[in-house]
Every structure is written in C-alpha cells, then in structure tokens.
>>> print(open('entry_11.pdb').read())   # PDB, C-alpha atoms and all ligand atoms
MODEL        1
ATOM      1  CA  MET A  22      91.906 100.818 133.841
ATOM      2  CA  ASN A  23      89.746 103.608 132.451
ATOM      3  CA  PRO A  24      90.494 104.584 128.868
ATOM      4  CA  ASP A  25      91.927 108.079 128.582
ATOM      5  CA  PRO A  26      89.279 110.195 126.784
ATOM      6  CA  HIS A  27      92.055 112.300 125.251
ATOM      7  CA  GLU A  28      93.792 109.282 123.782
ATOM      8  CA  PRO A  29      92.702 108.536 120.205
ATOM      9  CA  SER A  30      91.092 105.105 120.150
ATOM     10  CA  HIS A  31      92.359 104.095 116.697
ATOM     11  CA  ALA A  32      89.090 102.169 116.414
ATOM     12  CA  TYR A  33      88.794 103.302 112.792
ATOM     13  CA  LEU A  34      91.939 101.310 112.024
ATOM     14  CA  LYS A  35      90.052  98.152 112.886
ATOM     15  CA  SER A  36      87.632  98.572 110.011
ATOM     16  CA  VAL A  37      89.961  99.155 107.079
ATOM     17  CA  ARG A  38      89.531  96.682 104.242
ATOM     18  CA  ILE A  39      92.650  95.322 102.524
ATOM     19  CA  THR A  40      91.323  96.704  99.222
ATOM     20  CA  ASP A  41      91.256 100.218 100.743
ATOM     21  CA  VAL A  42      94.783  99.793 102.143
ATOM     22  CA  LEU A  43      96.006  98.821  98.664
ATOM     23  CA  ARG A  44      94.126 101.689  96.963
ATOM     24  CA  VAL A  45      95.803 104.199  99.291
ATOM     25  CA  GLU A  46      99.167 102.594  98.561
ATOM     26  CA  HIS A  47      98.527 103.028  94.827
ATOM     27  CA  ILE A  48      97.963 106.760  95.389
ATOM     28  CA  LEU A  49     101.210 107.084  97.378
ATOM     29  CA  LEU A  50     103.195 104.988  94.915
ATOM     30  CA  ARG A  51     101.888 107.040  91.974
ATOM     31  CA  THR A  52     103.366 110.136  93.643
ATOM     32  CA  ILE A  53     106.742 108.411  93.922
ATOM     33  CA  MET A  54     106.491 107.147  90.340
ATOM     34  CA  ALA A  55     105.766 110.675  89.060
ATOM     35  CA  GLN A  56     108.903 111.815  90.877
ATOM     36  CA  VAL A  57     110.981 109.047  89.295
ATOM     37  CA  SER A  58     109.580 109.984  85.902
ATOM     38  CA  ASP A  59     110.747 113.594  86.460
ATOM     39  CA  TRP A  60     114.228 112.384  87.445
ATOM     40  CA  LEU A  61     114.433 110.301  84.282
ATOM     41  CA  ALA A  62     113.331 113.190  82.097
ATOM     42  CA  ALA A  63     115.982 115.387  83.758
ATOM     43  CA  SER A  64     118.743 113.068  82.469
ATOM     44  CA  MET A  65     120.384 112.243  85.762
ATOM     45  CA  PRO A  66     123.708 110.393  85.863
ATOM     46  CA  PRO A  67     123.157 106.602  85.681
ATOM     47  CA  GLU A  68     124.718 106.120  89.138
ATOM     48  CA  THR A  69     122.246 108.507  90.776
ATOM     49  CA  ILE A  70     119.393 106.816  88.965
ATOM     50  CA  ARG A  71     120.637 103.439  90.117
ATOM     51  CA  GLU A  72     120.473 104.523  93.778
ATOM     52  CA  ARG A  73     116.917 105.743  93.387
ATOM     53  CA  VAL A  74     115.953 102.588  91.541
ATOM     54  CA  ALA A  75     116.843 100.653  94.692
ATOM     55  CA  LEU A  76     114.331 102.714  96.683
ATOM     56  CA  LEU A  77     111.603 102.326  94.056
ATOM     57  CA  ASN A  78     112.266  98.593  94.026
ATOM     58  CA  VAL A  79     111.729  98.355  97.796
ATOM     59  CA  VAL A  80     108.438 100.275  97.832
ATOM     60  CA  LEU A  81     106.964  98.478  94.805
ATOM     61  CA  GLU A  82     108.090  95.069  96.086
ATOM     62  CA  THR A  83     106.621  95.694  99.542
ATOM     63  CA  HIS A  84     103.306  96.605  97.930
ATOM     64  CA  ALA A  85     103.367  93.593  95.575
ATOM     65  CA  GLN A  86     104.098  91.217  98.453
ATOM     66  CA  ARG A  87     101.333  92.676 100.590
ATOM     67  CA  GLU A  88      98.940  92.265  97.667
ATOM     68  CA  GLU A  89      99.975  88.680  97.012
ATOM     69  CA  LYS A  90      99.911  87.555 100.652
ATOM     70  CA  ARG A  91      97.018  89.585 101.977
ATOM     71  CA  LEU A  92      94.626  89.617  99.008
ATOM     72  CA  PHE A  93      95.551  87.413  96.061
ATOM     73  CA  ASP A  94      96.001  84.206  98.091
ATOM     74  CA  THR A  95      92.388  84.511  99.270
ATOM     75  CA  LEU A  96      90.903  85.965  96.078
ATOM     76  CA  ARG A  97      92.342  83.369  93.712
ATOM     77  CA  ARG A  98      90.373  80.606  95.502
ATOM     78  CA  ARG A  99      87.023  82.335  95.072
ATOM     79  CA  SER A 100      86.305  81.758  91.333
ATOM     80  CA  ASP A 101      87.894  80.813  88.017
ATOM     81  CA  THR A 102      87.670  84.435  86.866
ATOM     82  CA  ALA A 103      89.425  85.551  90.059
ATOM     83  CA  LEU A 104      92.119  82.888  89.629
ATOM     84  CA  HIS A 105      92.786  83.947  86.038
ATOM     85  CA  LEU A 106      92.826  87.662  86.891
ATOM     86  CA  VAL A 107      95.136  87.177  89.893
ATOM     87  CA  ASP A 108      97.515  85.045  87.813
ATOM     88  CA  MET A 109      97.695  87.839  85.219
ATOM     89  CA  MET A 110      98.488  90.380  87.953
ATOM     90  CA  VAL A 111     101.271  88.186  89.384
ATOM     91  CA  VAL A 112     102.793  87.863  85.897
ATOM     92  CA  VAL A 113     103.230  91.660  85.894
ATOM     93  CA  HIS A 114     104.674  91.644  89.449
ATOM     94  CA  ASP A 115     107.225  89.072  88.257
ATOM     95  CA  GLU A 116     107.959  91.015  85.063
ATOM     96  CA  VAL A 117     108.725  94.128  87.138
ATOM     97  CA  ARG A 118     110.865  92.038  89.544
ATOM     98  CA  GLY A 119     112.821  90.718  86.556
ATOM     99  CA  LEU A 120     113.489  94.241  85.245
ATOM    100  CA  PHE A 121     114.738  95.402  88.668
ATOM    101  CA  GLU A 122     117.009  92.344  88.834
ATOM    102  CA  GLU A 123     118.453  93.183  85.417
ATOM    103  CA  ILE A 124     119.193  96.752  86.532
ATOM    104  CA  GLU A 125     120.768  95.484  89.765
ATOM    105  CA  ALA A 126     122.909  93.111  87.703
ATOM    106  CA  GLY A 127     124.276  96.099  85.777
ATOM    107  CA  ALA A 128     121.964  96.438  82.767
ATOM    108  CA  GLU A 129     121.183  99.887  81.371
ATOM    109  CA  PRO A 130     118.613 101.337  83.822
ATOM    110  CA  ILE A 131     116.801 104.105  81.969
ATOM    111  CA  GLU A 132     114.867 102.155  79.325
ATOM    112  CA  ARG A 133     113.982  99.535  81.909
ATOM    113  CA  LEU A 134     112.780 102.132  84.380
ATOM    114  CA  TRP A 135     110.455 103.676  81.802
ATOM    115  CA  THR A 136     109.117 100.185  81.155
ATOM    116  CA  ILE A 137     108.641  99.591  84.907
ATOM    117  CA  LEU A 138     106.736 102.887  85.289
ATOM    118  CA  ASP A 139     104.587 102.158  82.250
ATOM    119  CA  LEU A 140     103.812  98.545  83.214
ATOM    120  CA  THR A 141     103.070  99.524  86.813
ATOM    121  CA  GLU A 142     100.691 102.377  85.941
ATOM    122  CA  THR A 143      98.682 100.131  83.589
ATOM    123  CA  HIS A 144      98.761  97.401  86.239
ATOM    124  CA  PHE A 145      97.515  99.701  89.043
ATOM    125  CA  ARG A 146      94.643 100.856  86.818
ATOM    126  CA  ARG A 147      93.600  97.263  86.199
ATOM    127  CA  GLU A 148      93.760  96.450  89.910
ATOM    128  CA  ASP A 149      91.747  99.552  90.834
ATOM    129  CA  LYS A 150      89.108  98.925  88.156
ATOM    130  CA  GLU A 151      88.869  95.122  88.064
ATOM    131  CA  VAL A 152      90.720  93.290  90.836
ATOM    132  CA  PHE A 153      89.674  95.266  93.936
ATOM    133  CA  PRO A 154      85.982  95.525  92.896
ATOM    134  CA  LEU A 155      85.952  91.762  92.189
ATOM    135  CA  ALA A 156      87.544  91.095  95.583
ATOM    136  CA  GLU A 157      84.851  93.198  97.283
ATOM    137  CA  GLU A 158      82.208  91.195  95.398
ATOM    138  CA  LEU A 159      83.636  87.744  96.178
ATOM    139  CA  ILE A 160      85.175  88.133  99.657
ATOM    140  CA  GLU A 161      83.038  88.800 102.745
ATOM    141  CA  PRO A 162      83.480  92.321 104.207
ATOM    142  CA  GLU A 163      84.646  90.956 107.577
ATOM    143  CA  ILE A 164      87.363  88.901 105.862
ATOM    144  CA  LEU A 165      88.495  91.952 103.845
ATOM    145  CA  ILE A 166      88.778  93.898 107.115
ATOM    146  CA  GLN A 167      90.652  91.044 108.784
ATOM    147  CA  LEU A 168      93.089  90.914 105.851
ATOM    148  CA  GLY A 169      93.433  94.706 106.037
ATOM    149  CA  THR A 170      94.393  94.826 109.689
ATOM    150  CA  VAL A 171      96.109  91.581 110.717
ATOM    151  CA  GLY A 172      99.826  90.896 110.475
ATOM    152  CA  SER A 173     102.864  93.014 109.863
ATOM    153  CA  LEU A 174     103.086  92.937 106.066
TER     154      LEU A 174
HETATM  155 FE    FE B 201      99.841  94.459  91.889
HETATM  156 FE    FE B 202      98.759  97.070  93.411
ENDMDL
END
>>> encode(input="entry_11.pdb", output="structure tokens")
Amino acid sequence: MNPDPHEPSHAYLKSVRITDVLRVEHILLRTIMAQVSDWLAASMPPETIRERVALLNVVLETHAQREEKRLFDTLRRRSDTALHLVDMMVVVHDEVRGLFEEIEAGAEPIERLWTILDLTETHFRREDKEVFPLAEELIEPEILIQLGTVGSL
C-alpha cells in the first residue's frame, strides 16, 4: 500500500525524548497550577475547591507516575548521584500524594493546596534544572527516545 502523501507521517513523534515529554508536561501543568492559584486567591467555597482539587490530583499524579515509570526507574540505576536525586524527587511526589489524601479524607483544603502548589513549583524547577539534564547525560539518546514513545503511560 502506498503511503498517502497528504497524510501526516507522525514520524517526528518517534524521536521525542522522555525528558522533552516531561518538560512539555511541566509547562502545561504550570498553566493549570496558575489557574488553581487564582481560584484560591478568589476565595471560592471549600466544596468548589474540593472538586477542582480532584482534577489537579489526577493531572499531577499522572505526570508523577509517568516520571517514575518512564524515567526514574532507568535513571536511578545509572549512578549514585542519580539514585540520590531520584529518591529526593520521589519523596516530594509522595509528600504531595499525602496532602491530596488528607484533603480527600476531609481535611481543610486551602492551606494544603497552597503547600502543594509551592512544593510542586520548586520540584519542577529542580527537575528541569538538575534531573532532566542529568538524565540526558547518563542515558543514551536512543533509550531516552524509546522511553519517550513506548507504552501508554
Ligand atoms: Fe516529579
Ligand atoms: Fe515533573
């Protein structure tokens, strides 16, 4: 069968590194986080905030899981520095998970949400500046591309 010349090939999708996927996700998530920050500043009713917290939880958790499964599992085996750095990043993922669980269990959401936004912004900066560059130094480009394109998560 001849390929249709009008059909986009999507070949570019085959050369996306996992680090680039995660960087783009950080940009998108920062937009959502800025929105949440505006909602909080606007003093919304706790019930409305609670509903939106559920959405923020899903998008942050999906990103954290992708990071852990598609990058950290490989990166942590590459050096002691990488292992230590990855462990520190997972501590923050777990801290954020714990705060979401507390909110879901009925704890006061606003203070915790500010903490989640604050922790996550600092965490993203550290990943952008330290973790992703280290991954690109220690993991072969073809493996980074494989991790960026294979699987559903
Ligand atoms: Fe992370
Ligand atoms: Fe991240």
>>> closest_residue(input="entry_11.pdb", among="A:His144, A:Lys150, A:Arg133, A:Arg44", to="ligand FE 201 (chain B)", atoms="all atoms listed in the file")
A:His144
>>> residues_near_ligand(input="entry_11.pdb", ligand="ligand FE 202 (chain B)", cutoff="7 Å", atoms="only C-alpha atoms and all ligand atoms", output="PyMOL selection string")
chain A and resi 43+47+84-85+88+145+148
>>> residues_around(input="entry_11.pdb", residues="Leu138 of chain A", least_positions_apart="5", cutoff="10 Å", atoms="only C-alpha atoms", output="JSON, numbers by chain")
{"A": [51, 54, 55, 57, 58, 117, 133, 143, 144]}
>>> residues_around(input="entry_11.pdb", residues="segment 59-71 of chain A", least_positions_apart="2", cutoff="10 Å", atoms="all atoms listed in the file", output="ChimeraX atom specification")
/A:53-57,73-77,124-125,127,129-132,134-135
>>> resolve_selection(input="entry_11.pdb", expression="the PyMOL selection byres (((not hetatm)) within 12 of (chain B and resi 201))", output="mmCIF file with C-alpha atoms, in the coordinates of the input")
data_model
loop_
_atom_site.group_PDB
_atom_site.id
_atom_site.type_symbol
_atom_site.label_atom_id
_atom_site.label_comp_id
_atom_site.auth_asym_id
_atom_site.auth_seq_id
_atom_site.Cartn_x
_atom_site.Cartn_y
_atom_site.Cartn_z
ATOM 1 C CA THR A 40 91.323 96.704 99.222
ATOM 2 C CA LEU A 43 96.006 98.821 98.664
ATOM 3 C CA ARG A 44 94.126 101.689 96.963
ATOM 4 C CA GLU A 46 99.167 102.594 98.561
ATOM 5 C CA HIS A 47 98.527 103.028 94.827
ATOM 6 C CA LEU A 50 103.195 104.988 94.915
ATOM 7 C CA VAL A 80 108.438 100.275 97.832
ATOM 8 C CA LEU A 81 106.964 98.478 94.805
ATOM 9 C CA GLU A 82 108.090 95.069 96.086
ATOM 10 C CA THR A 83 106.621 95.694 99.542
ATOM 11 C CA HIS A 84 103.306 96.605 97.930
ATOM 12 C CA ALA A 85 103.367 93.593 95.575
ATOM 13 C CA GLN A 86 104.098 91.217 98.453
ATOM 14 C CA ARG A 87 101.333 92.676 100.590
ATOM 15 C CA GLU A 88 98.940 92.265 97.667
ATOM 16 C CA GLU A 89 99.975 88.680 97.012
ATOM 17 C CA LYS A 90 99.911 87.555 100.652
ATOM 18 C CA ARG A 91 97.018 89.585 101.977
ATOM 19 C CA LEU A 92 94.626 89.617 99.008
ATOM 20 C CA PHE A 93 95.551 87.413 96.061
ATOM 21 C CA LEU A 106 92.826 87.662 86.891
ATOM 22 C CA VAL A 107 95.136 87.177 89.893
ATOM 23 C CA ASP A 108 97.515 85.045 87.813
ATOM 24 C CA MET A 109 97.695 87.839 85.219
ATOM 25 C CA MET A 110 98.488 90.380 87.953
ATOM 26 C CA VAL A 111 101.271 88.186 89.384
ATOM 27 C CA VAL A 112 102.793 87.863 85.897
ATOM 28 C CA VAL A 113 103.230 91.660 85.894
ATOM 29 C CA HIS A 114 104.674 91.644 89.449
ATOM 30 C CA ASP A 115 107.225 89.072 88.257
ATOM 31 C CA GLU A 116 107.959 91.015 85.063
ATOM 32 C CA VAL A 117 108.725 94.128 87.138
ATOM 33 C CA ARG A 118 110.865 92.038 89.544
ATOM 34 C CA LEU A 140 103.812 98.545 83.214
ATOM 35 C CA THR A 141 103.070 99.524 86.813
ATOM 36 C CA GLU A 142 100.691 102.377 85.941
ATOM 37 C CA THR A 143 98.682 100.131 83.589
ATOM 38 C CA HIS A 144 98.761 97.401 86.239
ATOM 39 C CA PHE A 145 97.515 99.701 89.043
ATOM 40 C CA ARG A 146 94.643 100.856 86.818
ATOM 41 C CA ARG A 147 93.600 97.263 86.199
ATOM 42 C CA GLU A 148 93.760 96.450 89.910
ATOM 43 C CA ASP A 149 91.747 99.552 90.834
ATOM 44 C CA GLU A 151 88.869 95.122 88.064
ATOM 45 C CA VAL A 152 90.720 93.290 90.836
ATOM 46 C CA PHE A 153 89.674 95.266 93.936
#
>>> closest_residue(input="entry_11.pdb", among="A:Leu96, A:Leu120, A:Ile48, A:Val42", to="Thr136 of chain A", atoms="all atoms listed in the file")
A:Leu120
